[in-house]
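Asks: Data: work-v7.pdb, PDB, C-alpha atoms.
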```pdb
ATOM      1  CA  MET A  56      72.428   9.730  -6.525
ATOM      2  CA  LYS A  57      75.086   7.003  -6.766
ATOM      3  CA  LEU A  58      75.324   6.722  -2.977
ATOM      4  CA  ARG A  59      77.233   3.639  -1.852
ATOM      5  CA  PHE A  60      77.030   2.194   1.631
ATOM      6  CA  VAL A  61      80.236   1.647   3.575
ATOM      7  CA  SER A  62      78.477   0.113   6.593
ATOM      8  CA  ALA A  63      74.939  -0.108   7.886
ATOM      9  CA  THR A  64      73.710  -1.238  11.286
ATOM     10  CA  GLN A  65      70.799  -0.179  13.449
ATOM     11  CA  ASP A  66      73.256   1.983  15.429
ATOM     12  CA  GLU A  67      75.189   3.713  12.622
ATOM     13  CA  VAL A  68      75.027   4.072   8.866
ATOM     14  CA  VAL A  69      77.955   5.326   6.775
ATOM     15  CA  ALA A  70      77.723   6.006   3.052
ATOM     16  CA  GLU A  71      79.758   7.858   0.417
ATOM     17  CA  LEU A  72      79.101   9.715  -2.790
ATOM     18  CA  ASP A  73      81.594  10.840  -5.422
ATOM     19  CA  ILE A  74      80.540  14.315  -6.527
ATOM     20  CA  GLY A  75      79.688  14.554 -10.214
ATOM     21  CA  PRO A  76      78.087  17.180 -12.448
ATOM     22  CA  GLU A  77      74.643  15.798 -11.623
ATOM     23  CA  HIS A  78      75.135  16.803  -7.966
ATOM     24  CA  ARG A  79      75.994  20.468  -8.593
ATOM     25  CA  GLN A  80      73.702  23.470  -8.818
ATOM     26  CA  PRO A  81      74.345  26.350 -11.287
ATOM     27  CA  TYR A  82      77.045  27.947  -9.082
ATOM     28  CA  GLY A  83      79.085  24.742  -9.253
ATOM     29  CA  ILE A  84      78.591  23.653  -5.649
ATOM     30  CA  VAL A  85      76.792  20.551  -4.384
ATOM     31  CA  HIS A  86      73.043  21.154  -4.374
ATOM     32  CA  GLY A  87      71.427  21.317  -0.933
ATOM     33  CA  GLY A  88      68.974  18.639  -1.979
ATOM     34  CA  VAL A  89      71.868  16.206  -2.343
ATOM     35  CA  HIS A  90      72.921  16.847   1.257
ATOM     36  CA  ALA A  91      69.329  16.516   2.493
ATOM     37  CA  GLY A  92      68.816  13.383   0.410
ATOM     38  CA  ILE A  93      71.878  11.513   1.637
ATOM     39  CA  VAL A  94      71.179  12.472   5.257
ATOM     40  CA  GLU A  95      67.615  11.173   4.953
ATOM     41  CA  THR A  96      68.689   8.032   3.111
ATOM     42  CA  ALA A  97      71.286   7.100   5.734
ATOM     43  CA  ALA A  98      68.883   7.838   8.604
ATOM     44  CA  SER A  99      66.074   5.870   6.940
ATOM     45  CA  VAL A 100      68.263   2.819   6.399
ATOM     46  CA  GLY A 101      69.372   2.782  10.036
ATOM     47  CA  ALA A 102      65.829   3.313  11.312
ATOM     48  CA  ALA A 103      64.533   0.547   9.037
ATOM     49  CA  LEU A 104      67.208  -1.867  10.258
ATOM     50  CA  HIS A 105      65.988  -1.214  13.800
ATOM     51  CA  ALA A 106      62.279  -1.573  12.887
ATOM     52  CA  MET A 107      62.398  -4.590  10.559
ATOM     53  CA  PRO A 108      63.095  -7.260  13.228
ATOM     54  CA  HIS A 109      59.779  -6.194  14.799
ATOM     55  CA  GLY A 110      57.947  -6.537  11.469
ATOM     56  CA  SER A 111      57.686  -2.756  11.095
ATOM     57  CA  THR A 112      58.840  -0.305   8.458
ATOM     58  CA  VAL A 113      59.609   3.418   8.661
ATOM     59  CA  VAL A 114      58.774   6.503   6.656
ATOM     60  CA  GLY A 115      60.260   9.994   6.971
ATOM     61  CA  LEU A 116      58.158  12.698   8.587
ATOM     62  CA  GLU A 117      60.598  15.565   8.766
ATOM     63  CA  ASN A 118      64.052  16.447   7.484
ATOM     64  CA  HIS A 119      65.886  19.532   8.695
ATOM     65  CA  THR A 120      69.258  19.883   6.986
ATOM     66  CA  SER A 121      71.671  22.774   7.528
ATOM     67  CA  PHE A 122      74.358  23.593   4.981
ATOM     68  CA  ILE A 123      77.627  24.434   6.725
ATOM     69  CA  HIS A 124      80.389  24.447   4.098
ATOM     70  CA  ALA A 125      80.121  24.548   0.307
ATOM     71  CA  VAL A 126      81.761  21.688  -1.588
ATOM     72  CA  ARG A 127      82.537  21.490  -5.325
ATOM     73  CA  GLU A 128      84.341  18.187  -5.831
ATOM     74  CA  GLY A 129      85.642  15.066  -4.171
ATOM     75  CA  THR A 130      83.827  12.552  -2.016
ATOM     76  CA  LEU A 131      81.077  13.237   0.498
ATOM     77  CA  ARG A 132      80.657  10.914   3.479
ATOM     78  CA  VAL A 133      77.460  10.805   5.505
ATOM     79  CA  THR A 134      77.315   9.251   8.956
ATOM     80  CA  ALA A 135      73.919   8.840  10.618
ATOM     81  CA  LYS A 136      73.252   7.810  14.221
ATOM     82  CA  PRO A 137      70.064   7.512  16.262
ATOM     83  CA  ILE A 138      69.157  10.154  18.808
ATOM     84  CA  THR A 139      66.037   8.343  20.005
ATOM     85  CA  ARG A 140      64.195   5.217  18.943
ATOM     86  CA  GLY A 141      60.710   5.007  20.371
ATOM     87  CA  ARG A 142      57.833   2.657  19.666
ATOM     88  CA  ARG A 143      56.169   5.110  17.225
ATOM     89  CA  THR A 144      58.966   7.442  16.085
ATOM     90  CA  GLN A 145      62.705   7.571  15.677
ATOM     91  CA  VAL A 146      64.979  10.602  15.376
ATOM     92  CA  TRP A 147      68.324  10.281  13.619
ATOM     93  CA  GLU A 148      71.122  12.789  13.098
ATOM     94  CA  GLY A 149      73.402  12.799  10.071
ATOM     95  CA  THR A 150      76.668  14.581   9.392
ATOM     96  CA  VAL A 151      78.060  15.067   5.880
ATOM     97  CA  THR A 152      81.810  15.634   5.583
ATOM     98  CA  ASP A 153      84.011  16.377   2.590
ATOM     99  CA  ALA A 154      87.192  14.532   1.607
ATOM    100  CA  THR A 155      89.219  16.487   4.192
ATOM    101  CA  GLY A 156      86.799  15.642   7.027
ATOM    102  CA  ARG A 157      85.344  19.152   7.133
ATOM    103  CA  VAL A 158      81.625  19.277   7.966
ATOM    104  CA  ALA A 159      79.613  20.237   4.887
ATOM    105  CA  ALA A 160      76.101  19.691   6.279
ATOM    106  CA  THR A 161      74.211  18.321   9.247
ATOM    107  CA  GLY A 162      70.672  17.083   9.413
ATOM    108  CA  ARG A 163      68.049  15.654  11.699
ATOM    109  CA  VAL A 164      65.390  13.271  10.398
ATOM    110  CA  ARG A 165      62.217  12.239  12.247
ATOM    111  CA  LEU A 166      60.714   8.947  11.099
ATOM    112  CA  LEU A 167      57.365   7.293  11.784
ATOM    113  CA  VAL A 168      57.450   3.597  12.646
ATOM    114  CA  LEU A 169      54.686   1.850  10.696
ATOM    115  CA  GLU A 170      53.127  -1.266  12.168
ATOM    116  CA  PRO A 171      53.002  -4.395  10.011
ATOM    117  CA  GLU A 172      50.323  -4.143   7.314
ATOM    118  CA  ALA A 173      49.965  -0.361   7.782
ATOM    119  CA  SER A 174      48.578   1.561   4.828
ATOM    120  CA  LEU A 175      50.830   4.115   3.166
ATOM    121  CA  ALA A 176      49.607   6.158   0.186
ATOM    122  CA  GLY A 177      46.891   3.611  -0.541
ATOM    123  CA  GLU A 178      49.078   0.504  -0.374
ATOM    124  CA  THR A 179      50.374  -1.807   2.315
ATOM    125  CA  ALA A 180      53.735  -0.520   3.495
ATOM    126  CA  ARG A 181      56.466  -3.108   2.945
ATOM    127  CA  VAL A 182      60.106  -3.238   2.031
ATOM    128  CA  LYS A 183      60.421  -4.056  -1.662
ATOM    129  CA  PRO A 184      63.182  -6.380  -2.846
ATOM    130  CA  SER A 185      65.910  -4.512  -4.718
ATOM    131  CA  ASP A 186      64.990  -6.140  -8.033
ATOM    132  CA  GLU A 187      61.450  -4.659  -8.144
TER     133      GLU A 187
END
```
Can I see the file as structure tokens?
Replies:
Amino acid sequence: MKLRFVSATQDEVVAELDIGPEHRQPYGIVHGGVHAGIVETAASVGAALHAMPHGSTVVGLENHTSFIHAVREGTLRVTAKPITRGRRTQVWEGTVTDATGRVAATGRVRLLVLEPEASLAGETARVKPSDE
């Protein structure tokens, strides 16, 4: 999606995306899947940063994204923050704003914390290096 991270900690993740033709649906506005995808990506990165020092990884269980304001062009910014971080699950909330700061979408993502060596889709869950 060409999402670039501005900052990422276990307490807040901020990322941006310059809207291009690949992000628009047939009516010329940003596709809802783009909003849902960047909310989940930002939440997942933050949740993973919190889980990794404990040897754990995370996987999304649920994503509920609401579309507030249609956007056609410019830059989208997503900011995700934790609502709760338990031993087995985390819940993060993300807000997508347009270039003027107007809210375009909001979302809540629930993530499962996987213990070290947990199986996920038939393989051991692990963070892959970026070059794989």
Asks: Quick one: residues within 7 Å of Thr120 of chain A, all atoms listed in the file counted, chain neighbours fewer than 5 positions away excluded, as a list in words?
Replies: Ala91, Ala160, Thr161, Gly162 and Arg163 of chain A
Asks: By how many Å are atom CA of Arg157 of chain A and atom CA of Val100 of chain A apart?
Replies: 23.6 Å
Asks: Please compute the atom CA of Val61 of chain A-atom CA of Val146 of chain A distance, one decimal, in Å.
Replies: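 One can read the atom CA of Val61 of chain A to atom CA of Val146 of chain A distance as 21.3 Å.
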Asks: Here's the selection I'm unsure about, the PyMOL selection byres ((chain A and resi 124) around 9); applied to the file above, which residues does it give, as a list in words?
Replies: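 When the PyMOL selection byres ((chain A and resi 124) around 9) is applied, the selected residues are Phe122, Ile123, Ala125, Val126, Asp153, Arg157, Val158, Ala159 and Ala160 of chain A.
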Asks: What gap, in Å, lies between atom CA of Arg142 of chain A and atom CA of Val68 of chain A?
Replies: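 Pair atom CA of Arg142 of chain A / atom CA of Val68 of chain A returns 20.4 Å.
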Asks: Measuring between all atoms listed in the file, which one of A:Asn118, A:Gln145, A:Thr150, A:Ser111 shows the shortest distance to Gly88 of chain A?
Replies: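 Looking at the shortest contact to Gly88 of chain A, the residue is A:Asn118.
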Asks: What residues have an atom no more than 12 Å from (72.7, 7.8, 3.4) in the file's own frame, counting all atoms listed in the file, and can you write them as a PyMOL selection string?
Replies: chain A and resi 56-63+67-72+89-102+131-136+147-151+162+164
Asks: Do you know which residues the PyMOL selection byres ((chain A and resi 166) around 6) returns on this file, as a PyMOL selection string?
Replies: chain A and resi 114-116+144-145+165+167
Asks: Apply the PyMOL selection byres ((chain A and resi 84) around 10) to the displayed file and report the matching residues as a PyMOL selection string.
Replies: chain A and resi 74+76+78-83+85-87+124-128
Asks: Output C-alpha atoms for every residue in the selection just made, as a PDB file, in the frame of the given file.
Replies:
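Wrote out_12.pdb, looks like this:
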```
ATOM      1  CA  ILE A  74      80.540  14.315  -6.527  1.00  0.00           C
ATOM      2  CA  PRO A  76      78.087  17.180 -12.448  1.00  0.00           C
ATOM      3  CA  HIS A  78      75.135  16.803  -7.966  1.00  0.00           C
ATOM      4  CA  ARG A  79      75.994  20.468  -8.593  1.00  0.00           C
ATOM      5  CA  GLN A  80      73.702  23.470  -8.818  1.00  0.00           C
ATOM      6  CA  PRO A  81      74.345  26.350 -11.287  1.00  0.00           C
ATOM      7  CA  TYR A  82      77.045  27.947  -9.082  1.00  0.00           C
ATOM      8  CA  GLY A  83      79.085  24.742  -9.253  1.00  0.00           C
ATOM      9  CA  VAL A  85      76.792  20.551  -4.384  1.00  0.00           C
ATOM     10  CA  HIS A  86      73.043  21.154  -4.374  1.00  0.00           C
ATOM     11  CA  GLY A  87      71.427  21.317  -0.933  1.00  0.00           C
ATOM     12  CA  HIS A 124      80.389  24.447   4.098  1.00  0.00           C
ATOM     13  CA  ALA A 125      80.121  24.548   0.307  1.00  0.00           C
ATOM     14  CA  VAL A 126      81.761  21.688  -1.588  1.00  0.00           C
ATOM     15  CA  ARG A 127      82.537  21.490  -5.325  1.00  0.00           C
ATOM     16  CA  GLU A 128      84.341  18.187  -5.831  1.00  0.00           C
TER      17      GLU A 128
END
```
Asks: Which residue is closest to Ala154 of chain A? Choose from A:Glu178, A:Thr130, A:Val113, A:Pro108 and count all atoms listed in the file.
Replies: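 Checking each of A:Glu178, A:Thr130, A:Val113, A:Pro108 against Ala154 of chain A, counting all atoms listed in the file, the winner is A:Thr130.
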Asks: Can you report as AutoDock Vina command-line options the centre and edge lengths in Å, to one decimal, of an axis-aligned box around the listed atoms of segment 129-144 of chain A padded with 5 Å on each side?
Replies:
```
--center_x 70.9 --center_y 8.9 --center_z 8.1 --size_x 39.5 --size_y 22.4 --size_z 34.5
```
